[in-house]
file my_file.txt (compact mmCIF, C-alpha atoms and all ligand atoms)
# COMPACT_ATOMS: atom_id res chain seq x y z
CA MET A 1084 176.84 84.18 176.93
CA LYS A 1085 175.57 81.84 174.24
CA ALA A 1086 177.14 82.43 170.83
CA LYS A 1087 174.77 83.97 168.33
CA ARG A 1088 173.71 81.51 165.66
CA TRP A 1089 174.39 81.91 161.99
CA PHE A 1090 172.04 84.15 159.97
CA PHE A 1091 170.70 81.15 158.03
CA GLU A 1092 170.06 79.12 161.18
CA GLU A 1093 168.81 81.31 163.97
CA PRO A 1094 165.11 80.71 164.66
CA LEU A 1095 162.72 83.62 165.08
CA ALA A 1096 162.12 82.93 168.77
CA GLU A 1097 165.82 83.62 169.38
CA ALA A 1098 166.35 86.31 166.76
CA ASP A 1099 163.33 88.39 167.72
CA PRO A 1100 161.44 87.10 170.75
CA GLU A 1101 159.22 90.16 170.83
CA VAL A 1102 157.68 89.61 167.39
CA ALA A 1103 157.73 85.83 167.92
CA ARG A 1104 155.59 86.23 171.04
CA TYR A 1105 152.85 88.11 169.19
CA ILE A 1106 152.87 85.60 166.35
CA LEU A 1107 152.42 82.72 168.79
CA ALA A 1108 149.68 84.56 170.64
CA ASP A 1109 147.78 85.16 167.42
CA GLU A 1110 148.17 81.52 166.47
CA SER A 1111 146.62 80.45 169.73
CA ARG A 1112 143.84 83.03 169.29
CA GLN A 1113 143.05 81.60 165.85
CA ARG A 1114 143.04 78.04 167.14
CA SER A 1115 140.64 78.74 169.98
CA GLN A 1116 138.22 81.18 168.33
CA VAL A 1117 135.61 80.62 165.66
CA GLU A 1118 136.12 83.11 162.84
CA LEU A 1119 133.17 84.38 160.89
CA ILE A 1120 134.95 87.40 159.37
CA ALA A 1121 133.71 87.12 155.77
CA PRO A 1122 137.05 87.61 153.95
CA LYS A 1123 138.86 85.33 156.41
CA ASN A 1124 140.07 81.96 155.22
CA TYR A 1125 142.87 79.44 155.69
CA MET A 1126 145.25 78.08 153.05
CA SER A 1127 146.13 74.42 152.62
CA LYS A 1128 149.47 73.24 153.91
CA ALA A 1129 150.50 72.89 150.26
CA VAL A 1130 149.81 76.57 149.52
CA ARG A 1131 151.67 77.64 152.67
CA GLU A 1132 154.63 75.50 151.61
CA ALA A 1133 154.74 77.11 148.16
CA MET A 1134 154.65 80.55 149.80
CA GLY A 1135 157.37 79.76 152.30
CA SER A 1136 159.64 78.37 149.58
CA MET A 1137 162.92 79.80 148.31
CA VAL A 1138 161.22 80.90 145.10
CA VAL A 1139 160.56 84.13 147.02
CA PHE A 1140 164.19 85.13 146.42
CA THR A 1141 164.03 84.81 142.64
CA THR A 1142 163.94 88.33 141.27
CA VAL A 1143 161.72 88.87 138.27
CA GLU A 1144 160.22 91.75 136.37
CA GLY A 1145 157.93 91.61 133.35
CA TYR A 1146 156.07 88.53 132.13
CA PRO A 1147 156.99 84.89 131.37
CA GLY A 1148 159.25 84.78 128.32
CA LYS A 1149 159.83 88.57 128.56
CA ARG A 1150 161.72 89.06 131.82
CA TYR A 1151 164.44 91.52 132.61
CA HIS A 1152 166.57 89.19 134.75
CA ALA A 1153 168.37 85.86 134.33
CA GLY A 1154 167.55 82.69 136.28
CA VAL A 1155 163.82 82.90 135.82
CA GLU A 1156 162.88 79.71 133.92
CA ASN A 1157 161.21 78.02 136.94
CA VAL A 1158 159.33 81.15 137.94
CA ASP A 1159 158.18 81.50 134.32
CA ALA A 1160 156.83 77.94 134.39
CA ILE A 1161 155.03 78.58 137.69
CA GLU A 1162 153.43 81.81 136.46
CA ARG A 1163 152.29 80.13 133.20
CA LEU A 1164 150.67 77.36 135.25
CA ALA A 1165 148.88 79.92 137.44
CA ILE A 1166 147.60 81.75 134.34
CA GLU A 1167 146.35 78.60 132.60
CA ARG A 1168 144.64 77.37 135.78
CA ALA A 1169 142.98 80.75 136.38
CA LYS A 1170 141.61 80.77 132.83
CA ALA A 1171 140.32 77.22 133.23
CA MET A 1172 138.70 78.05 136.58
CA PHE A 1173 136.63 80.96 135.26
CA GLY A 1174 136.42 80.25 131.53
CA ALA A 1175 138.43 83.43 130.86
CA GLY A 1176 140.19 84.37 127.63
CA TYR A 1177 143.06 86.01 129.49
CA ALA A 1178 144.42 86.18 133.04
CA ASN A 1179 147.02 88.23 134.90
CA VAL A 1180 148.14 86.77 138.24
CA GLN A 1181 150.56 89.52 139.30
CA ALA A 1182 148.28 92.01 141.11
CA HIS A 1183 149.49 92.33 144.71
CA SER A 1184 145.95 92.79 146.03
CA GLY A 1185 142.30 93.06 145.08
CA SER A 1186 142.44 96.85 145.14
CA GLN A 1187 145.42 96.84 142.80
CA ALA A 1188 143.65 94.44 140.45
CA ASN A 1189 140.82 96.98 140.18
CA GLN A 1190 143.22 99.87 139.84
CA ALA A 1191 144.96 98.12 136.93
CA VAL A 1192 141.64 97.75 135.11
CA TYR A 1193 140.96 101.48 135.62
CA PHE A 1194 144.45 102.40 134.47
CA ALA A 1195 144.03 100.25 131.35
CA LEU A 1196 140.60 101.60 130.38
CA LEU A 1197 139.98 105.04 131.86
CA THR A 1198 141.37 108.57 131.97
CA PRO A 1199 140.95 110.79 135.04
CA GLY A 1200 137.58 112.54 134.86
CA ASP A 1201 135.79 109.55 133.28
CA THR A 1202 132.48 108.40 134.73
CA VAL A 1203 132.14 105.10 136.60
CA LEU A 1204 128.83 103.54 137.70
CA SER A 1205 129.16 101.30 140.77
CA MET A 1206 127.23 100.12 143.82
CA ASP A 1207 127.20 102.41 146.84
CA LEU A 1208 129.04 101.38 149.97
CA SER A 1209 126.02 100.88 152.25
CA SER A 1210 124.37 98.61 149.67
CA GLY A 1211 127.48 96.44 149.66
CA GLY A 1212 129.96 98.11 147.26
CA HIS A 1213 133.72 98.32 147.86
CA LEU A 1214 135.94 101.33 148.60
CA SER A 1215 138.04 100.66 145.50
CA HIS A 1216 134.95 101.10 143.29
CA GLY A 1217 135.10 104.89 143.25
CA PHE A 1218 134.53 106.02 146.83
CA LYS A 1219 135.70 109.48 147.71
CA SER A 1220 138.34 108.43 150.21
CA ASN A 1221 139.89 106.05 147.64
CA LEU A 1222 142.14 107.02 144.74
CA SER A 1223 139.43 105.72 142.38
CA GLY A 1224 137.00 108.29 143.78
CA ARG A 1225 139.58 111.05 143.52
CA TRP A 1226 140.27 110.37 139.84
CA PHE A 1227 136.89 109.36 138.46
CA LYS A 1228 133.40 110.72 138.62
CA THR A 1229 131.45 108.06 140.50
CA ILE A 1230 127.73 107.55 140.08
CA SER A 1231 126.20 105.02 142.49
CA TYR A 1232 123.32 102.63 142.23
CA GLY A 1233 121.91 100.91 145.29
CA THR A 1234 119.31 98.42 146.31
CA THR A 1235 115.54 98.43 146.61
CA PRO A 1236 114.31 98.60 150.25
CA ASP A 1237 114.31 94.77 150.38
CA GLY A 1238 118.07 94.78 149.72
CA PHE A 1239 118.19 93.50 146.12
CA ILE A 1240 120.10 95.46 143.44
CA ASP A 1241 117.82 98.00 141.81
CA TYR A 1242 118.52 97.15 138.14
CA ASP A 1243 115.91 99.63 136.88
CA ALA A 1244 117.70 102.46 138.69
CA MET A 1245 121.01 101.14 137.35
CA GLU A 1246 119.61 101.32 133.82
CA GLN A 1247 118.25 104.83 134.32
CA LEU A 1248 121.55 106.09 135.75
CA ALA A 1249 123.49 104.47 132.91
CA ARG A 1250 121.30 106.17 130.31
CA GLN A 1251 121.55 109.49 132.08
CA HIS A 1252 125.31 109.54 132.78
CA HIS A 1253 126.83 107.33 130.06
CA PRO A 1254 129.51 105.76 132.25
CA LYS A 1255 132.61 104.44 130.55
CA LEU A 1256 132.82 101.61 133.10
CA MET A 1257 130.08 99.80 135.04
CA ILE A 1258 131.13 97.84 138.13
CA VAL A 1259 129.19 95.10 139.88
CA GLY A 1260 130.20 93.05 142.88
CA GLY A 1261 131.20 94.18 146.31
CA SER A 1262 131.87 93.21 149.88
CA SER A 1263 128.49 92.82 151.47
CA TYR A 1264 125.90 92.23 148.76
CA PRO A 1265 124.57 88.76 149.62
CA ARG A 1266 122.73 87.84 146.43
CA ALA A 1267 123.53 86.47 142.97
CA ILE A 1268 124.15 89.26 140.46
CA ASP A 1269 122.16 89.22 137.24
CA PHE A 1270 125.16 89.42 134.89
CA PRO A 1271 123.12 89.13 131.64
CA ARG A 1272 120.98 92.10 132.74
CA VAL A 1273 124.05 94.20 133.60
CA SER A 1274 125.60 93.37 130.25
CA GLU A 1275 122.40 94.33 128.44
CA ILE A 1276 122.30 97.72 130.26
CA ALA A 1277 125.98 98.36 129.48
CA ALA A 1278 125.44 97.55 125.81
CA GLN A 1279 122.76 100.28 125.58
CA VAL A 1280 125.28 102.97 126.56
CA GLY A 1281 128.52 101.43 125.27
CA ALA A 1282 130.00 100.92 128.76
CA VAL A 1283 132.69 98.37 129.57
CA THR A 1284 131.75 95.99 132.42
CA LEU A 1285 133.74 94.81 135.41
CA ALA A 1286 132.62 92.22 137.97
CA ASP A 1287 134.63 92.26 141.21
CA VAL A 1288 133.86 88.78 142.55
CA SER A 1289 136.29 88.83 145.50
CA HIS A 1290 133.86 87.42 148.03
CA PHE A 1291 132.42 84.57 145.99
CA SER A 1292 135.10 83.64 143.45
CA GLY A 1293 135.41 80.14 144.96
CA LEU A 1294 131.70 79.58 144.47
CA ILE A 1295 132.06 80.65 140.84
CA ALA A 1296 135.00 78.29 140.31
CA ALA A 1297 132.83 75.50 141.75
CA LYS A 1298 129.83 76.57 139.63
CA GLU A 1299 127.78 77.32 142.75
CA TYR A 1300 127.22 80.97 141.75
CA PRO A 1301 126.36 82.29 138.25
CA SER A 1302 129.39 82.77 136.01
CA PRO A 1303 130.28 86.37 135.10
CA PHE A 1304 131.75 85.14 131.78
CA PRO A 1305 130.74 85.41 128.98
CA HIS A 1306 128.56 88.36 130.10
CA MET A 1307 131.17 90.63 131.73
CA ASP A 1308 134.19 92.10 129.94
CA PHE A 1309 136.49 91.97 133.00
CA VAL A 1310 136.52 90.02 136.23
CA THR A 1311 138.73 90.80 139.23
CA THR A 1312 139.06 88.95 142.51
CA THR A 1313 141.18 88.66 145.59
CA THR A 1314 142.70 85.19 145.89
CA ASN A 1315 142.70 84.98 149.70
CA LYS A 1316 139.01 85.09 150.53
CA ASN A 1317 136.64 82.41 149.29
CA LEU A 1318 139.38 80.92 147.02
CA ARG A 1319 141.53 79.81 149.99
CA GLY A 1320 144.74 81.17 148.47
CA PRO A 1321 147.44 83.72 149.30
CA ARG A 1322 146.67 87.39 149.81
CA GLY A 1323 146.64 88.85 146.33
CA GLY A 1324 144.64 89.74 143.24
CA LEU A 1325 143.67 88.21 139.92
CA ILE A 1326 142.47 89.99 136.77
CA MET A 1327 140.72 88.28 133.88
CA SER A 1328 139.05 89.31 130.68
CA ARG A 1329 136.73 87.54 128.32
CA ASP A 1330 138.55 88.81 125.25
CA PRO A 1331 142.27 87.94 125.05
CA ALA A 1332 142.74 91.11 122.99
CA PHE A 1333 142.54 93.17 126.22
CA GLY A 1334 145.47 91.22 127.68
CA LYS A 1335 148.22 93.50 126.52
CA LYS A 1336 146.58 96.59 128.00
CA ILE A 1337 146.05 94.94 131.40
CA ASP A 1338 149.55 93.46 131.45
CA SER A 1339 151.12 96.85 130.91
CA ALA A 1340 148.75 98.50 133.39
CA ILE A 1341 150.08 96.15 136.09
CA PHE A 1342 153.71 96.36 134.95
CA PRO A 1343 155.13 98.92 134.41
CA GLY A 1344 151.86 100.82 135.10
CA ILE A 1345 151.20 100.46 138.81
CA GLN A 1346 153.57 97.76 140.08
CA GLY A 1347 157.20 96.76 139.82
CA GLY A 1348 158.30 93.18 140.25
CA PRO A 1349 155.73 90.47 140.98
CA LEU A 1350 155.85 88.27 144.11
CA PRO A 1351 157.02 84.81 142.92
CA ASP A 1352 156.14 83.09 146.20
CA VAL A 1353 152.60 84.47 146.08
CA ILE A 1354 152.25 83.48 142.42
CA ALA A 1355 153.40 79.94 143.34
CA GLY A 1356 150.77 79.91 146.10
CA LYS A 1357 148.14 81.12 143.62
CA ALA A 1358 149.09 78.35 141.16
CA VAL A 1359 148.64 75.70 143.87
CA CYS A 1360 145.36 77.17 145.12
CA PHE A 1361 143.93 77.45 141.57
CA GLY A 1362 144.94 73.81 141.04
CA GLU A 1363 143.00 72.92 144.20
CA ALA A 1364 139.97 74.87 143.01
CA LEU A 1365 139.90 72.75 139.83
CA GLN A 1366 139.57 69.51 141.84
CA PRO A 1367 136.19 67.88 142.63
CA GLU A 1368 136.91 68.24 146.39
CA PHE A 1369 136.70 72.00 145.98
CA THR A 1370 133.10 71.72 144.78
CA GLU A 1371 132.29 69.88 147.98
CA TYR A 1372 133.97 72.69 149.95
CA ALA A 1373 132.07 75.42 148.08
CA ARG A 1374 128.74 73.65 148.64
CA ARG A 1375 129.50 73.42 152.35
CA VAL A 1376 130.36 77.15 152.47
CA LEU A 1377 127.02 77.96 150.92
CA SER A 1378 125.03 75.58 153.11
CA CYS A 1379 126.74 76.97 156.25
CA ALA A 1380 125.98 80.57 155.21
CA ARG A 1381 122.36 79.66 154.47
CA THR A 1382 122.02 77.78 157.76
CA LEU A 1383 123.33 80.81 159.67
CA ALA A 1384 120.70 82.91 157.88
CA SER A 1385 117.76 80.57 158.43
CA SER A 1386 118.63 79.71 162.04
CA LEU A 1387 119.15 83.35 163.04
CA SER A 1388 115.95 84.26 161.27
CA ALA A 1389 114.15 81.57 163.29
CA ARG A 1390 115.51 83.28 166.43
CA GLY A 1391 113.95 86.56 165.34
CA TYR A 1392 116.91 88.25 163.64
CA ARG A 1393 116.29 90.06 160.38
CA ILE A 1394 118.42 88.81 157.48
CA VAL A 1395 119.09 91.31 154.68
CA THR A 1396 117.25 89.99 151.55
CA GLY A 1397 115.96 87.09 153.67
CA GLY A 1398 118.86 84.80 152.81
CA THR A 1399 122.07 84.50 150.81
CA ASP A 1400 123.62 83.19 147.58
CA THR A 1401 127.15 84.01 148.79
CA PRO A 1402 129.54 82.80 151.51
CA PHE A 1403 128.18 85.41 153.93
CA THR A 1404 124.99 86.38 155.67
CA MET A 1405 124.06 89.97 156.54
CA VAL A 1406 122.11 90.53 159.74
CA ASP A 1407 120.15 93.76 160.15
CA LEU A 1408 120.13 94.47 163.90
CA ARG A 1409 117.80 97.46 163.85
CA THR A 1410 114.76 95.42 164.91
CA ARG A 1411 116.64 94.20 168.01
CA GLY A 1412 117.84 97.58 169.25
CA LEU A 1413 121.50 96.65 168.76
CA THR A 1414 124.23 98.27 166.68
CA GLY A 1415 126.84 96.40 164.65
CA ASP A 1416 129.53 97.79 166.91
CA VAL A 1417 128.03 96.38 170.11
CA ALA A 1418 127.20 93.04 168.45
CA GLN A 1419 130.75 92.65 167.14
CA LYS A 1420 132.28 93.42 170.56
CA THR A 1421 130.07 91.11 172.57
CA LEU A 1422 130.57 88.23 170.14
CA GLU A 1423 134.33 88.76 170.19
CA ALA A 1424 134.31 88.63 173.98
CA HIS A 1425 132.74 85.16 173.64
CA GLY A 1426 135.29 83.95 171.06
CA VAL A 1427 133.36 84.52 167.83
CA THR A 1428 134.89 87.07 165.46
CA THR A 1429 132.60 88.91 163.01
CA ASN A 1430 132.53 92.43 161.62
CA ARG A 1431 130.10 95.29 161.84
CA ASN A 1432 128.84 96.39 158.48
CA LEU A 1433 126.53 98.95 156.95
CA VAL A 1434 123.20 97.57 155.75
CA PRO A 1435 120.95 99.11 153.06
CA GLN A 1436 119.50 102.49 154.16
CA ASP A 1437 121.69 102.46 157.27
CA LYS A 1438 121.47 105.64 159.37
CA GLU A 1439 124.45 104.78 161.58
CA SER A 1440 128.02 105.80 160.75
CA PRO A 1441 130.42 103.25 159.19
CA ASN A 1442 132.09 102.98 162.60
CA VAL A 1443 128.89 102.00 164.38
CA THR A 1444 126.59 100.49 161.69
CA SER A 1445 123.34 98.58 162.10
CA GLY A 1446 124.55 95.34 160.62
CA LEU A 1447 126.73 92.35 161.17
CA ARG A 1448 128.40 90.37 158.39
CA MET A 1449 129.13 86.71 158.97
CA GLY A 1450 131.04 84.59 156.48
CA ALA A 1451 131.34 80.82 156.33
CA SER A 1452 134.48 80.36 154.18
CA ALA A 1453 136.79 79.83 157.16
CA ILE A 1454 134.57 77.56 159.25
CA ALA A 1455 133.93 75.38 156.17
CA ALA A 1456 137.69 75.20 155.50
CA ARG A 1457 138.04 73.90 159.07
CA GLY A 1458 135.59 71.15 158.19
CA MET A 1459 132.42 72.52 159.74
CA ALA A 1460 129.07 71.85 158.06
CA GLU A 1461 125.36 72.56 158.62
CA PRO A 1462 125.06 71.11 162.16
CA GLU A 1463 127.93 73.32 163.36
CA ALA A 1464 126.56 76.38 161.54
CA SER A 1465 123.26 75.83 163.24
CA GLU A 1466 124.96 75.43 166.64
CA LEU A 1467 126.86 78.66 165.96
CA ALA A 1468 123.66 80.50 165.09
CA GLU A 1469 122.19 79.44 168.45
CA ILE A 1470 125.35 80.65 170.23
CA ILE A 1471 125.25 83.97 168.37
CA ALA A 1472 121.57 84.50 169.10
CA ASP A 1473 122.14 83.67 172.80
CA VAL A 1474 124.97 86.24 172.99
CA LEU A 1475 123.06 88.94 171.11
CA ASP A 1476 119.82 88.35 173.04
CA ARG A 1477 121.76 88.87 176.28
CA ALA A 1478 123.40 92.04 174.96
CA ALA A 1479 120.04 93.43 173.84
CA ALA A 1480 118.53 92.68 177.26
CA LYS A 1481 121.37 94.34 179.22
CA PRO A 1482 122.56 97.45 177.38
CA GLY A 1483 126.02 98.63 178.44
CA GLN A 1484 127.03 95.22 179.79
CA GLU A 1485 127.87 93.59 176.49
CA LEU A 1486 131.49 92.89 177.47
CA GLU A 1487 130.43 90.76 180.41
CA VAL A 1488 131.27 87.22 179.35
CA ASN A 1489 128.92 84.33 179.95
CA ALA A 1490 131.33 81.50 180.75
CA SER A 1491 129.12 78.68 179.57
CA ILE A 1492 128.58 80.30 176.15
CA ALA A 1493 132.31 80.99 175.78
CA GLN A 1494 132.92 77.35 176.66
CA ARG A 1495 130.58 76.20 173.87
CA VAL A 1496 132.61 78.28 171.40
CA SER A 1497 135.99 76.94 172.43
CA ALA A 1498 134.67 73.37 172.47
CA LEU A 1499 133.50 73.84 168.89
CA ALA A 1500 136.88 75.29 167.84
CA GLU A 1501 138.68 72.36 169.47
CA ARG A 1502 136.59 69.83 167.55
CA PHE A 1503 137.83 71.36 164.27
CA PRO A 1504 141.55 71.92 164.74
CA LEU A 1505 143.72 73.99 162.43
CA TYR A 1506 147.17 72.91 161.17
CA PRO A 1507 148.64 70.20 163.43
CA THR A 1508 151.46 71.45 165.65
C1 LIG B 1 138.47 92.61 149.70
C2 LIG B 1 137.97 93.26 148.49
C3 LIG B 1 138.81 94.06 147.69
C4 LIG B 1 140.18 94.51 148.15
O1 LIG B 1 141.10 93.57 148.24
P1 LIG B 1 142.50 93.90 148.96
O2 LIG B 1 143.28 92.69 148.59
O3 LIG B 1 142.21 94.03 150.40
O4 LIG B 1 143.02 95.13 148.34
C5 LIG B 1 138.33 94.58 146.51
N1 LIG B 1 137.05 94.34 146.14
C6 LIG B 1 136.21 93.60 146.89
C7 LIG B 1 134.82 93.40 146.43
C8 LIG B 1 136.64 93.05 148.08
O5 LIG B 1 135.79 92.34 148.83
call {"tool": "encode", "arguments": {"input": "my_file.txt", "output": "structure tokens"}}
result
Amino acid sequence: MKAKRWFFEEPLAEADPEVARYILADESRQRSQVELIAPKNYMSKAVREAMGSMVVFTTVEGYPGKRYHAGVENVDAIERLAIERAKAMFGAGYANVQAHSGSQANQAVYFALLTPGDTVLSMDLSSGGHLSHGFKSNLSGRWFKTISYGTTPDGFIDYDAMEQLARQHHPKLMIVGGSSYPRAIDFPRVSEIAAQVGAVTLADVSHFSGLIAAKEYPSPFPHMDFVTTTTNKNLRGPRGGLIMSRDPAFGKKIDSAIFPGIQGGPLPDVIAGKAVCFGEALQPEFTEYARRVLSCARTLASSLSARGYRIVTGGTDTPFTMVDLRTRGLTGDVAQKTLEAHGVTTNRNLVPQDKESPNVTSGLRMGASAIAARGMAEPEASELAEIIADVLDRAAAKPGQELEVNASIAQRVSALAERFPLYPT
């Protein structure tokens, strides 16, 4: 029997072949499929290197200059860089880079500003809001009284209703942003409504923060008081959260809401990855990337619309396009499954005034952040739209047979994926 290798030397394939096998299988899935899952993105090799580095073992607690452990000077320097870069990216007065996720970033803002029982005004889930904005199955919904605004029948935020609800309920916090609202938010209008009732404002820009950094989407600052985002979606960084405020005076409250409020030690490897990704977002190449994301999302919308698919709001200002399948007799569930069988991953999603359950839905959400990171541009987005329409047309024509794969369509998908390879092996 072969001698077991040393702890610091044994590769995963030998140490744990079972897990290694699944990891390899998922790698090959990612290489051969085209991913249109809206939050999905890839990180640069540089970000992956920072995250796989030994900095992960450095134990820290607290904030740069105020830690509770020795040996932290390099981690302090990295976190300060991440903070300065985040502020520069968004024009923020203050930034906290320690939130482990987008949900925790939001939770920290609530913990800093609210007391259980307070009223929060946010967008409802089917109009594009997020679970962490006060929905009943989330802790935020359990602790706060949530009032929801939605969209007009054409899918745009109903600012008049937002204003009426604000005047009627006097929320302490007003939240804008979400996971499937495809249009630019009118931040000055939201700020003006909040000022009438003395509410604090939070913009959760998780899905389009890269566009904001590249100035391809309106800036929430100086209009919003707080901005939160995940760093792994449109920003092409590690999984994690980022909290910013316009006024540096709020910094202390947010810092203590994160630690010791809702988290313990931060993740130094993730913070290093965030620092590198924020540095990338400040480069001119990132603007080119963001423009390509937007043009791909818009091409998906216009090409699918030309094939007779209804696009929520008729287009998009974000990295994703929302398709309303009701006019084609399909559900989001069926559309997602048949596209997956052909190598295109998307996700079913509620659309405004949806009558289906969240598990079935009438909509499909398709994001362009990942295909643009792979190097795809308008011609590929338009080819993809044709592929998608071909798959969905077939599924609509033959109900119940949506898992039957058309080999020539599947071949078009894998050929496209091959032309835009991921990390070299
Ligand atoms: C993804 C997302 C979140 C949650 O982020 P996690 O990191 O998954 O917790 C919060 N808000 C919005 C708008 C999101 O899209």
call {"tool": "closest_residue", "arguments": {"input": "my_file.txt", "among": "A:Val1180, A:Ile1394, A:Ala1358, A:Ile1471", "to": "A:Ala1129", "atoms": "only C-alpha atoms"}}
result
A:Ala1358
call {"tool": "atom_distance", "arguments": {"input": "my_file.txt", "atom1": "atom CA of A:Asn1179", "atom2": "atom CA of A:Leu1256"}}
result
19.6 Å
call {"tool": "residues_near_ligand", "arguments": {"input": "my_file.txt", "ligand": "ligand LIG 1 (chain B)", "cutoff": "6 Å", "atoms": "all atoms listed in the file", "output": "number ranges by chain"}}
result
A: 1184-1186, 1213, 1260-1262, 1287, 1289-1290, 1313, 1323
call {"tool": "residues_near_point", "arguments": {"input": "my_file.txt", "point": "(131.5, 99.2, 162.0)", "cutoff": "8 Å", "atoms": "all atoms listed in the file", "output": "ChimeraX atom specification"}}
result
/A:1415-1416,1430-1433,1440-1444
call {"tool": "residues_near_point", "arguments": {"input": "my_file.txt", "point": "(139.4, 83.4, 131.5)", "cutoff": "9 Å", "atoms": "only C-alpha atoms", "output": "list in words"}}
result
Ile1166, Glu1167, Ala1169, Lys1170, Ala1171, Met1172, Phe1173, Gly1174, Ala1175, Gly1176, Tyr1177, Ala1178, Phe1304, Val1310, Ile1326, Met1327, Ser1328, Arg1329, Asp1330 and Pro1331 of chain A
call {"tool": "write_last_selection", "arguments": {"input": "my_file.txt", "atoms": "C-alpha atoms", "output": "mmCIF file, in the frame of the given file"}}
result
data_model
loop_
_atom_site.group_PDB
_atom_site.id
_atom_site.type_symbol
_atom_site.label_atom_id
_atom_site.label_comp_id
_atom_site.auth_asym_id
_atom_site.auth_seq_id
_atom_site.Cartn_x
_atom_site.Cartn_y
_atom_site.Cartn_z
ATOM 1 C CA ILE A 1166 147.600 81.750 134.340
ATOM 2 C CA GLU A 1167 146.350 78.600 132.600
ATOM 3 C CA ALA A 1169 142.980 80.750 136.380
ATOM 4 C CA LYS A 1170 141.610 80.770 132.830
ATOM 5 C CA ALA A 1171 140.320 77.220 133.230
ATOM 6 C CA MET A 1172 138.700 78.050 136.580
ATOM 7 C CA PHE A 1173 136.630 80.960 135.260
ATOM 8 C CA GLY A 1174 136.420 80.250 131.530
ATOM 9 C CA ALA A 1175 138.430 83.430 130.860
ATOM 10 C CA GLY A 1176 140.190 84.370 127.630
ATOM 11 C CA TYR A 1177 143.060 86.010 129.490
ATOM 12 C CA ALA A 1178 144.420 86.180 133.040
ATOM 13 C CA PHE A 1304 131.750 85.140 131.780
ATOM 14 C CA VAL A 1310 136.520 90.020 136.230
ATOM 15 C CA ILE A 1326 142.470 89.990 136.770
ATOM 16 C CA MET A 1327 140.720 88.280 133.880
ATOM 17 C CA SER A 1328 139.050 89.310 130.680
ATOM 18 C CA ARG A 1329 136.730 87.540 128.320
ATOM 19 C CA ASP A 1330 138.550 88.810 125.250
ATOM 20 C CA PRO A 1331 142.270 87.940 125.050
#
call {"tool": "closest_atom_pairs", "arguments": {"input": "my_file.txt", "of": "stretch 1300-1412 of chain A", "to": "stretch 1291-1295 of chain A", "cutoff": "10 Å", "atoms": "all atoms listed in the file", "output": "CSV"}}
result
residue,atom,partner,partner_atom,distance
A:Tyr1300,CA,A:Ile1295,CA,4.9
A:Pro1301,CA,A:Ile1295,CA,6.5
A:Ser1302,CA,A:Ile1295,CA,5.9
A:Pro1303,CA,A:Ile1295,CA,8.3
A:Val1310,CA,A:Ser1292,CA,9.7
A:Thr1311,CA,A:Ser1292,CA,9.1
A:Thr1312,CA,A:Ser1292,CA,6.7
A:Thr1313,CA,A:Ser1292,CA,8.2
A:Thr1314,CA,A:Ser1292,CA,8.1
A:Asn1315,CA,A:Ser1292,CA,9.9
A:Lys1316,CA,A:Phe1291,CA,8.0
A:Asn1317,CA,A:Gly1293,CA,5.0
A:Leu1318,CA,A:Gly1293,CA,4.5
A:Arg1319,CA,A:Gly1293,CA,7.9
A:Phe1361,CA,A:Gly1293,CA,9.6
A:Ala1364,CA,A:Gly1293,CA,7.2
A:Phe1369,CA,A:Gly1293,CA,8.3
A:Thr1370,CA,A:Leu1294,CA,8.0
A:Tyr1372,CA,A:Gly1293,CA,9.1
A:Ala1373,CA,A:Leu1294,CA,5.5
A:Arg1374,CA,A:Leu1294,CA,7.8
A:Val1376,CA,A:Leu1294,CA,8.5
A:Leu1377,CA,A:Leu1294,CA,8.1
A:Asp1400,CA,A:Phe1291,CA,9.0
A:Thr1401,CA,A:Phe1291,CA,6.0
A:Pro1402,CA,A:Phe1291,CA,6.5
A:Phe1403,CA,A:Phe1291,CA,9.0
call {"tool": "closest_residue", "arguments": {"input": "my_file.txt", "among": "A:Arg1112, A:Arg1163, A:Arg1448, A:Lys1228", "to": "A:Ile1354", "atoms": "all atoms listed in the file"}}
result
A:Arg1163
call {"tool": "atom_distance", "arguments": {"input": "my_file.txt", "atom1": "atom CA of A:Phe1194", "atom2": "atom CA of A:Gly1344"}}
result
7.6 Å
call {"tool": "residues_around", "arguments": {"input": "my_file.txt", "residues": "A:Gly1391", "least_positions_apart": "6", "cutoff": "10 Å", "atoms": "all atoms listed in the file", "output": "list in words"}}
result
Ser1385, Thr1410, Arg1411, Ala1472 and Asp1476 of chain A
call {"tool": "atom_distance", "arguments": {"input": "my_file.txt", "atom1": "atom CA of A:Asp1473", "atom2": "atom CA of A:Ala1389"}}
result
12.6 Å
call {"tool": "closest_residue", "arguments": {"input": "my_file.txt", "among": "A:Tyr1392, A:Ser1491, A:Ala1453, A:Cys1360", "to": "A:Lys1128", "atoms": "only C-alpha atoms"}}
result
A:Cys1360
call {"tool": "residues_around", "arguments": {"input": "my_file.txt", "residues": "A:Val1138", "least_positions_apart": "3", "cutoff": "8 Å", "atoms": "all atoms listed in the file", "output": "short mmCIF file (atom, residue, chain, number, x, y, z; two decimals) with C-alpha atoms, in the coordinates of the input"}}
result
data_model
loop_
_atom_site.label_atom_id
_atom_site.label_comp_id
_atom_site.auth_asym_id
_atom_site.auth_seq_id
_atom_site.Cartn_x
_atom_site.Cartn_y
_atom_site.Cartn_z
CA THR A 1141 164.03 84.81 142.64
CA VAL A 1158 159.33 81.15 137.94
CA PRO A 1351 157.02 84.81 142.92
CA ASP A 1352 156.14 83.09 146.20
#
call {"tool": "closest_residue", "arguments": {"input": "my_file.txt", "among": "A:Arg1381, A:Lys1481, A:Lys1087, A:His1183", "to": "A:Pro1321", "atoms": "only C-alpha atoms"}}
result
A:His1183
